[in-house]
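**Q** First the structure, which I've put down as structure tokens, then a few questions once you've had a look.
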Amino acid sequence: MKDLKEHICPSCGGVLRVDIKKQMYECPFCGVTFDYDYFREDSVLDIAEDAVLKGENHSARKAYEFMLTKEPDNFEALRGVCLISLKMAHTEELRQMDKYSKVDRDVAGKAIDRALRDSKPEERVYFELMKDSVDNGAVYTSARKSAESDIEKLKSAKEEMRKYVISNETLGLEGDGYQIASSPKSTIAACATAFFAWFFVVIVVFLCVHTNPYDAKRYVPKVSRQTHNIYYNGSYVTPTPAPLTPEQEAKRVELYNQFKEEHRNDVRNMLIALVVPLGPMGLIILVSEIKYRRDLKIVTKLENDIRDYRVNIRSNKSKMKELNKMNIENVEKMKKIEAPILDR
């Protein structure tokens, strides 16, 4: 419905057009013009309301504007222009907070300011409540966007945090806590276990290698070794080696000193063997500690962000709830104001 189709030319039956500047109706077919007073005021408002119901806001606005050229303080026309500017059909829709995201505040603000300026004093409170509702709607839309943004950020922060922590549930522990995955405790435990195993091996090897077989208590010449036990006095006994001859003793001492000279660095080598692994192990632990501290810093920041996001989400949801309640109250007041006016 581009024009006011209900107004038919009495001469030819064509649809009349509205020329607001000339304040008259004009027939595009036969050229006849009619003063706007030719049609009743109620008819124009009915046409506008019907256009609104059909979603033909452009035609409805033209009808309301035409009405306002005749009667600038007409409540129904001012109300209609404001609702069209808000892309709403009825006052009841002002309580639907989701609709405000589609409102052009500049356009709506100009329409409401005009209504506040031109309306009758006793009807002005209606448009004041409308303006308050629109302002609430703008704040609601902003709070909703902020809450939705924080919800997405919260999800991202939680996903990011899962890269650095192991939840208690995964560890088989109770509670909602967590442990940082890169904690150096396991690395330290592994290095300590490896070092003690290495220490045991080194000591065993050292004792085997460093024990001098030519010690007087251990040395037995090959020629005097008994290869088997002998039966003596009812039992088998190992014969006691015969004392070393001077030549054998001299040979033993020579071999003893030779072995001692060859193995004089065994203690030093043992200590080196024990100390050398400490370097790589210490480096491994240091790298693990650095990574842990870095991850701890990241996790701490993520924790703070998550806490802030949750606070903001709760705050915005509380604000949205309060604004919705305020608009419901405003709409109820507006309906009480408009009801007797529209029934006249």
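Residue numbering restarts at 1 in every chain; chains get A, B, ... in the order shown in the structure tokens, and ligands count up from 1 in that same order.
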Excluding same-chain residues fewer than 6 positions from Ala63 of chain A, what lies within 8 Å of it counting only C-alpha atoms, as a short mmCIF file (atom, residue, chain, number, x, y, z; two decimals) with N, CA, C and O atoms, in the first residue's frame?
**A**
```
data_model
loop_
_atom_site.label_atom_id
_atom_site.label_comp_id
_atom_site.auth_asym_id
_atom_site.auth_seq_id
_atom_site.Cartn_x
_atom_site.Cartn_y
_atom_site.Cartn_z
N LEU A 4 -2.56 6.17 0.04
CA LEU A 4 -3.76 5.97 0.84
C LEU A 4 -4.85 5.38 -0.06
O LEU A 4 -5.67 6.09 -0.62
N VAL A 44 -8.41 8.92 8.08
CA VAL A 44 -6.96 8.92 7.87
C VAL A 44 -6.27 8.04 8.91
O VAL A 44 -5.39 7.25 8.59
N LEU A 45 -6.69 8.16 10.15
CA LEU A 45 -6.09 7.35 11.21
C LEU A 45 -6.40 5.87 11.02
O LEU A 45 -5.55 5.02 11.30
N ILE A 47 -6.87 4.44 8.15
CA ILE A 47 -6.02 4.01 7.03
C ILE A 47 -4.60 3.73 7.53
O ILE A 47 -3.98 2.72 7.18
N ALA A 48 -4.10 4.62 8.37
CA ALA A 48 -2.74 4.45 8.90
C ALA A 48 -2.65 3.19 9.75
O ALA A 48 -1.69 2.41 9.63
#
```
**Q** Taking the chain letters and numbering used in this document, name the residues of segment 114-200 of chain A that DSSP puts in strand (DSSP E), as a count of residues only.
**A** 6
**Q** With distances taken over only C-alpha atoms, which residue among A:Ile180, A:Ala51, A:Met334, A:Ile341 lies nearest Phe127 of chain A?
**A** A:Met334
**Q** Within 10 Å of Ile313 of chain A, counting only C-alpha atoms, which residues qualify if same-chain residues fewer than 4 places away don't, as number ranges by chain?
**A** A: 143-144, 146-151, 154, 307-309, 317-319
**Q** What does the file look like for those residues with C-alpha atoms, as a PDB file, in the first residue's frame?
**A**
```pdb
ATOM      1  CA  ALA A 143      24.473  -5.274  28.202  1.00  0.00           C
ATOM      2  CA  ARG A 144      23.312  -8.255  26.180  1.00  0.00           C
ATOM      3  CA  SER A 146      28.609  -7.468  26.417  1.00  0.00           C
ATOM      4  CA  ALA A 147      27.289 -10.595  28.152  1.00  0.00           C
ATOM      5  CA  GLU A 148      27.359 -12.604  24.916  1.00  0.00           C
ATOM      6  CA  SER A 149      30.887 -11.399  24.216  1.00  0.00           C
ATOM      7  CA  ASP A 150      32.004 -12.324  27.743  1.00  0.00           C
ATOM      8  CA  ILE A 151      30.385 -15.757  27.419  1.00  0.00           C
ATOM      9  CA  LEU A 154      34.846 -17.331  28.922  1.00  0.00           C
ATOM     10  CA  ARG A 307      36.696 -14.657  37.216  1.00  0.00           C
ATOM     11  CA  ASP A 308      36.207 -11.220  35.620  1.00  0.00           C
ATOM     12  CA  TYR A 309      34.129 -12.669  32.777  1.00  0.00           C
ATOM     13  CA  LYS A 317      22.333 -10.408  33.294  1.00  0.00           C
ATOM     14  CA  SER A 318      21.199  -8.725  36.493  1.00  0.00           C
ATOM     15  CA  LYS A 319      21.098  -5.377  34.679  1.00  0.00           C
TER      16      LYS A 319
END
```
**Q** Using only C-alpha atoms, which protein or nucleic acid residues come within 6 Å of segment 72-79 of chain A? Drop anything in the same chain fewer than 5 positions from it, and give the result as a PyMOL selection string.
**A** chain A and resi 64+115+118-119
**Q** I'd like the contact shell of segment 98-114 of chain A - 9 Å cut-off, only C-alpha atoms, skipping same-chain residues fewer than 2 positions apart - returned as a list in words.
**A** Leu78, Arg79, Val81, Cys82, Leu83, Ile84, Ser85, Leu86, Lys87, Met88, Glu93, Leu94, Arg95, Gln96, Leu116, Arg117, Asp118, Ser119, Phe127, Glu128, Met130, Lys131, Val134, Asp135, Gly137, Ala138, Tyr140, Thr141 and Ser142 of chain A
**Q** Within 9 Å of Asp215 of chain A, counting only C-alpha atoms, which residues show up once you throw out same-chain ones fewer than 6 positions away? Write them as a ChimeraX atom specification, please.
**A** /A:252-253,256
**Q** Taking only C-alpha atoms into account, which of A:Met326, A:Met281, A:Ile272, A:Val299 comes nearest Phe195 of chain A?
**A**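 Using only C-alpha atoms, Phe195 of chain A sits closest to A:Met281.
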**Q** Report as an NGL selection string all protein, DNA and RNA residues lying within 10 Å of segment 199-201 of chain A, evaluated on only C-alpha atoms, omitting residues in the same chain fewer than 6 positions from it.
**A** :A and (193 or 270-271 or 273-275 or 277)
**Q** What's the separation between atom CA of Arg293 of chain A and atom CA of Met161 of chain A, in Å to one decimal place?
**A** 14.7 Å
**Q** Between atom CA of Val205 of chain A and atom CA of Ala190 of chain A, what is the distance, to one decimal in Å?
**A**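 Separating atom CA of Val205 of chain A from atom CA of Ala190 of chain A is a distance of 22.7 Å.
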**Q** DSSP says helix (DSSP H, G or I) for which residues of segment 65-311 of chain A? Put them as a ChimeraX atom specification?
**A** /A:65-70,75-85,91-95,97-102,105-118,121-161,168-171,185-210,222-224,246-262,266-275,278-311
**Q** How far is it from atom CA of Ser59 of chain A to atom CA of Leu342 of chain A, in Å with one decimal?
**A**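 Atom-to-atom, atom CA of Ser59 of chain A to atom CA of Leu342 of chain A, that is 20.6 Å.
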